$ cat start.csv   # CSV, C-alpha atoms
chain,number,residue,atom,x,y,z
Y,658,MET,CA,-3.4,-2.0,-12.6
Y,659,ARG,CA,-2.2,-0.5,-15.9
Y,660,ALA,CA,-3.4,2.9,-14.7
Y,661,HIS,CA,-1.9,2.7,-11.3
Y,662,TYR,CA,1.6,1.9,-12.7
Y,663,GLY,CA,1.3,4.3,-15.7
Y,664,VAL,CA,1.8,1.4,-18.1
Y,665,VAL,CA,-0.2,2.6,-21.1
Y,666,ALA,CA,1.6,6.0,-21.3
Y,667,ALA,CA,5.1,4.5,-20.9
Y,668,PHE,CA,4.7,1.3,-22.9
Y,669,ASP,CA,5.9,2.5,-26.3
Y,670,ALA,CA,8.9,4.3,-25.0
Y,671,ILE,CA,9.9,1.4,-22.8
Y,672,SER,CA,9.5,-1.1,-25.6
Y,673,LYS,CA,11.9,0.9,-27.8
Y,674,LYS,CA,14.7,0.8,-25.1
Y,675,PRO,CA,17.3,-1.9,-25.4
Y,676,ALA,CA,16.5,-4.6,-22.8
Y,677,LYS,CA,19.8,-4.0,-21.0
Y,678,GLU,CA,18.9,-0.4,-20.3
Y,679,ARG,CA,15.4,-1.1,-18.8
Y,680,SER,CA,14.9,-0.5,-15.1
Y,681,LYS,CA,13.1,-3.0,-12.8
Y,682,GLU,CA,10.0,-0.9,-12.9
Y,683,GLU,CA,10.1,-0.6,-16.7
Y,684,ARG,CA,10.4,-4.4,-16.9
Y,685,TRP,CA,7.4,-4.7,-14.6
Y,686,ALA,CA,5.4,-2.3,-16.8
Y,687,LEU,CA,6.2,-4.5,-19.8
Y,688,ARG,CA,5.1,-7.6,-18.0
Y,689,VAL,CA,1.8,-6.0,-17.0
Y,690,GLN,CA,1.1,-4.9,-20.5
Y,691,HIS,CA,2.1,-8.1,-22.1
Y,692,MET,CA,-0.2,-10.1,-19.8
Y,693,PHE,CA,-3.1,-7.7,-20.6
Y,694,ASN,CA,-2.5,-8.1,-24.3
Y,695,TRP,CA,-2.4,-11.9,-24.1
Y,696,LEU,CA,-5.5,-12.2,-21.9
Y,697,SER,CA,-7.4,-9.7,-24.1
Y,698,ALA,CA,-7.2,-12.2,-27.0
Y,699,PHE,CA,-9.7,-14.4,-25.1
Y,700,GLU,CA,-12.5,-11.8,-24.5
Y,701,HIS,CA,-13.4,-10.1,-27.8
Y,702,ASP,CA,-17.0,-9.9,-28.8
Y,703,ASP,CA,-16.1,-10.9,-32.4
Y,704,SER,CA,-16.2,-14.7,-32.5
Y,705,GLU,CA,-14.1,-14.8,-35.6
Y,706,ALA,CA,-11.3,-12.9,-33.9
Y,707,ILE,CA,-11.2,-15.5,-31.1
Y,708,LYS,CA,-12.0,-18.7,-33.0
Y,709,ASP,CA,-8.5,-20.1,-32.5
Y,710,CYS,CA,-8.0,-18.7,-29.0
Y,711,THR,CA,-8.4,-21.5,-26.6
Y,712,MET,CA,-6.7,-21.8,-23.3
Y,713,ASP,CA,-5.7,-25.2,-22.0
Y,714,ARG,CA,-5.4,-26.0,-18.3
Y,715,ALA,CA,-1.7,-25.3,-18.0
Y,716,GLU,CA,-2.1,-21.9,-19.7
Y,717,ALA,CA,-5.1,-21.1,-17.4
Y,718,ILE,CA,-3.1,-22.0,-14.3
Y,719,ASP,CA,-0.1,-19.9,-15.5
Y,720,ALA,CA,-2.4,-16.9,-16.2
Y,721,LEU,CA,-4.1,-17.3,-12.8
Y,722,VAL,CA,-0.8,-17.4,-10.9
Y,723,ASP,CA,0.6,-14.5,-12.9
Y,724,VAL,CA,-2.5,-12.2,-12.4
Y,725,ALA,CA,-2.7,-13.2,-8.7
Y,726,GLY,CA,0.9,-12.2,-8.2
Y,727,LYS,CA,0.4,-8.9,-9.9
Y,728,LEU,CA,-2.7,-8.1,-7.9
Y,729,HIS,CA,-0.8,-8.9,-4.7
Y,730,ARG,CA,1.9,-6.5,-5.6
Y,731,LEU,CA,-0.7,-3.8,-6.5
Y,732,ALA,CA,-2.4,-4.3,-3.2
Y,733,THR,CA,0.9,-4.1,-1.3
Y,734,ASP,CA,2.0,-1.0,-3.2
Y,735,ARG,CA,-1.3,0.8,-2.6
Y,736,ARG,CA,-1.2,0.0,1.1
Y,737,ALA,CA,2.3,1.4,1.2
Y,738,GLY,CA,1.2,4.6,-0.6
Y,739,ARG,CA,3.2,3.8,-3.7

$ encode --input "start.csv" --output "structure tokens"
Amino acid sequence: MRAHYGVVAAFDAISKKPAKERSKEERWALRVQHMFNWLSAFEHDDSEAIKDCTMDRAEAIDALVDVAGKLHRLATDRRAGR
């Protein structure tokens, strides 16, 4: 998803822009990257790095819904050739 939308390459520049100047697509890129950053905290090999990273049911449902929505948009965009 990050590769399809060019998120990694654009993230730093978008982050530095004032929020009022960001386009819808730039805001989308930030959302994708922020979700990736948050979820990556739960999958490190280093047990010390994740010792305080637990996800309760509400957070898990929130993450599931968020990722499902993003995957739906990705599938729709790919089918449309975007």

$ atom_distance --input "start.csv" --atom1 "atom CA of Y:Pro675" --atom2 "atom CA of Y:Gly726"
25.9 Å

$ atom_distance --input "start.csv" --atom1 "atom CA of Y:Tyr662" --atom2 "atom CA of Y:Asp723"
16.4 Å

$ atom_distance --input "start.csv" --atom1 "atom CA of Y:His661" --atom2 "atom CA of Y:Leu696"
18.6 Å

$ residues_around --input "start.csv" --residues "Y:Lys727" --least-positions-apart "2" --cutoff "12 Å" --atoms "only C-alpha atoms" --output "list in words"
Met658, Arg659, His661, Tyr662, Trp685, Ala686, Arg688, Val689, Gln690, Met692, Phe693, Ala720, Leu721, Val722, Asp723, Val724, Ala725, His729, Arg730, Leu731, Ala732, Thr733 and Asp734 of chain Y

$ closest_residue --input "start.csv" --among "Y:Leu687, Y:Ala717, Y:Met712, Y:Leu728" --to "Y:Lys673" --atoms "only C-alpha atoms"
Y:Leu687

$ decode --input "start.csv" --residues "stretch 692-736 of chain Y" --atoms "N, CA and C atoms" --output "CSV table (one decimal), in the first residue's frame"
chain,number,residue,atom,x,y,z
Y,692,MET,N,-0.5,4.7,10.3
Y,692,MET,CA,-1.1,3.4,10.7
Y,692,MET,C,0.0,2.4,10.6
Y,693,PHE,N,0.9,2.5,9.6
Y,693,PHE,CA,2.0,1.5,9.5
Y,693,PHE,C,2.9,1.7,10.7
Y,694,ASN,N,3.2,2.9,11.0
Y,694,ASN,CA,4.1,3.1,12.2
Y,694,ASN,C,3.5,2.6,13.5
Y,695,TRP,N,2.3,2.8,13.7
Y,695,TRP,CA,1.6,2.4,14.9
Y,695,TRP,C,1.6,0.8,15.0
Y,696,LEU,N,1.2,0.2,13.9
Y,696,LEU,CA,1.1,-1.3,13.9
Y,696,LEU,C,2.5,-1.9,14.0
Y,697,SER,N,3.5,-1.3,13.4
Y,697,SER,CA,4.8,-1.9,13.4
Y,697,SER,C,5.4,-2.0,14.8
Y,698,ALA,N,4.8,-1.2,15.8
Y,698,ALA,CA,5.3,-1.3,17.2
Y,698,ALA,C,5.0,-2.7,17.8
Y,699,PHE,N,4.0,-3.4,17.2
Y,699,PHE,CA,3.6,-4.7,17.8
Y,699,PHE,C,4.3,-5.9,17.2
Y,700,GLU,N,5.2,-5.7,16.2
Y,700,GLU,CA,5.7,-6.9,15.5
Y,700,GLU,C,7.3,-6.9,15.5
Y,701,HIS,N,7.9,-6.2,16.3
Y,701,HIS,CA,9.4,-6.3,16.4
Y,701,HIS,C,9.9,-7.7,17.0
Y,702,ASP,N,11.0,-8.1,16.5
Y,702,ASP,CA,11.6,-9.3,17.0
Y,702,ASP,C,12.2,-9.2,18.4
Y,703,ASP,N,12.5,-7.9,18.8
Y,703,ASP,CA,13.1,-7.6,20.1
Y,703,ASP,C,12.0,-7.5,21.1
Y,704,SER,N,12.0,-8.5,22.0
Y,704,SER,CA,10.9,-8.5,23.0
Y,704,SER,C,11.0,-7.3,24.0
Y,705,GLU,N,12.2,-6.8,24.2
Y,705,GLU,CA,12.4,-5.6,25.0
Y,705,GLU,C,11.7,-4.4,24.4
Y,706,ALA,N,11.8,-4.3,23.0
Y,706,ALA,CA,11.2,-3.2,22.3
Y,706,ALA,C,9.7,-3.2,22.4
Y,707,ILE,N,9.1,-4.3,22.5
Y,707,ILE,CA,7.6,-4.4,22.5
Y,707,ILE,C,7.0,-4.8,23.9
Y,708,LYS,N,7.8,-4.8,24.9
Y,708,LYS,CA,7.3,-5.3,26.2
Y,708,LYS,C,6.1,-4.5,26.7
Y,709,ASP,N,5.9,-3.3,26.4
Y,709,ASP,CA,4.8,-2.5,26.9
Y,709,ASP,C,3.8,-2.3,25.7
Y,710,CYS,N,4.0,-2.9,24.6
Y,710,CYS,CA,3.0,-2.8,23.5
Y,710,CYS,C,2.0,-3.9,23.5
Y,711,THR,N,0.9,-3.6,24.1
Y,711,THR,CA,-0.2,-4.5,24.1
Y,711,THR,C,-1.4,-3.8,23.5
Y,712,MET,N,-2.2,-4.6,22.8
Y,712,MET,CA,-3.4,-4.0,22.1
Y,712,MET,C,-4.6,-4.5,22.8
Y,713,ASP,N,-5.5,-3.7,23.3
Y,713,ASP,CA,-6.7,-4.1,23.9
Y,713,ASP,C,-7.7,-4.4,22.7
Y,714,ARG,N,-8.9,-4.9,23.1
Y,714,ARG,CA,-9.9,-5.2,22.1
Y,714,ARG,C,-10.3,-4.0,21.3
Y,715,ALA,N,-10.6,-2.9,21.9
Y,715,ALA,CA,-11.0,-1.7,21.2
Y,715,ALA,C,-10.0,-1.2,20.2
Y,716,GLU,N,-8.7,-1.3,20.6
Y,716,GLU,CA,-7.6,-0.9,19.7
Y,716,GLU,C,-7.5,-1.9,18.5
Y,717,ALA,N,-7.7,-3.1,18.8
Y,717,ALA,CA,-7.6,-4.2,17.7
Y,717,ALA,C,-8.8,-4.0,16.7
Y,718,ILE,N,-10.0,-3.7,17.2
Y,718,ILE,CA,-11.1,-3.5,16.3
Y,718,ILE,C,-10.9,-2.2,15.5
Y,719,ASP,N,-10.4,-1.2,16.1
Y,719,ASP,CA,-10.1,0.1,15.4
Y,719,ASP,C,-9.1,-0.1,14.3
Y,720,ALA,N,-8.0,-0.9,14.7
Y,720,ALA,CA,-7.0,-1.2,13.7
Y,720,ALA,C,-7.5,-2.0,12.5
Y,721,LEU,N,-8.3,-3.0,12.8
Y,721,LEU,CA,-8.9,-3.9,11.8
Y,721,LEU,C,-9.8,-3.1,10.9
Y,722,VAL,N,-10.6,-2.2,11.4
Y,722,VAL,CA,-11.5,-1.4,10.6
Y,722,VAL,C,-10.7,-0.5,9.7
Y,723,ASP,N,-9.7,0.2,10.3
Y,723,ASP,CA,-8.9,1.1,9.5
Y,723,ASP,C,-8.1,0.4,8.4
Y,724,VAL,N,-7.5,-0.7,8.7
Y,724,VAL,CA,-6.7,-1.4,7.6
Y,724,VAL,C,-7.7,-1.9,6.6
Y,725,ALA,N,-8.8,-2.5,7.0
Y,725,ALA,CA,-9.8,-3.0,6.0
Y,725,ALA,C,-10.3,-1.9,5.1
Y,726,GLY,N,-10.5,-0.7,5.6
Y,726,GLY,CA,-10.9,0.4,4.7
Y,726,GLY,C,-9.8,0.8,3.8
Y,727,LYS,N,-8.6,0.9,4.3
Y,727,LYS,CA,-7.5,1.2,3.4
Y,727,LYS,C,-7.3,0.1,2.3
Y,728,LEU,N,-7.4,-1.1,2.6
Y,728,LEU,CA,-7.3,-2.2,1.6
Y,728,LEU,C,-8.4,-2.1,0.6
Y,729,HIS,N,-9.6,-1.7,1.0
Y,729,HIS,CA,-10.7,-1.6,0.1
Y,729,HIS,C,-10.4,-0.4,-0.9
Y,730,ARG,N,-9.9,0.7,-0.4
Y,730,ARG,CA,-9.5,1.8,-1.3
Y,730,ARG,C,-8.5,1.4,-2.2
Y,731,LEU,N,-7.4,0.7,-1.8
Y,731,LEU,CA,-6.4,0.2,-2.6
Y,731,LEU,C,-6.9,-0.7,-3.7
Y,732,ALA,N,-7.8,-1.6,-3.4
Y,732,ALA,CA,-8.3,-2.5,-4.4
Y,732,ALA,C,-9.2,-1.7,-5.4
Y,733,THR,N,-9.9,-0.8,-4.9
Y,733,THR,CA,-10.8,0.0,-5.8
Y,733,THR,C,-9.9,0.9,-6.8
Y,734,ASP,N,-8.9,1.5,-6.2
Y,734,ASP,CA,-7.9,2.3,-7.0
Y,734,ASP,C,-7.2,1.4,-8.1
Y,735,ARG,N,-6.8,0.3,-7.7
Y,735,ARG,CA,-6.1,-0.6,-8.6
Y,735,ARG,C,-7.0,-1.1,-9.7
Y,736,ARG,N,-8.2,-1.4,-9.4
Y,736,ARG,CA,-9.2,-1.8,-10.5
Y,736,ARG,C,-9.5,-0.7,-11.4
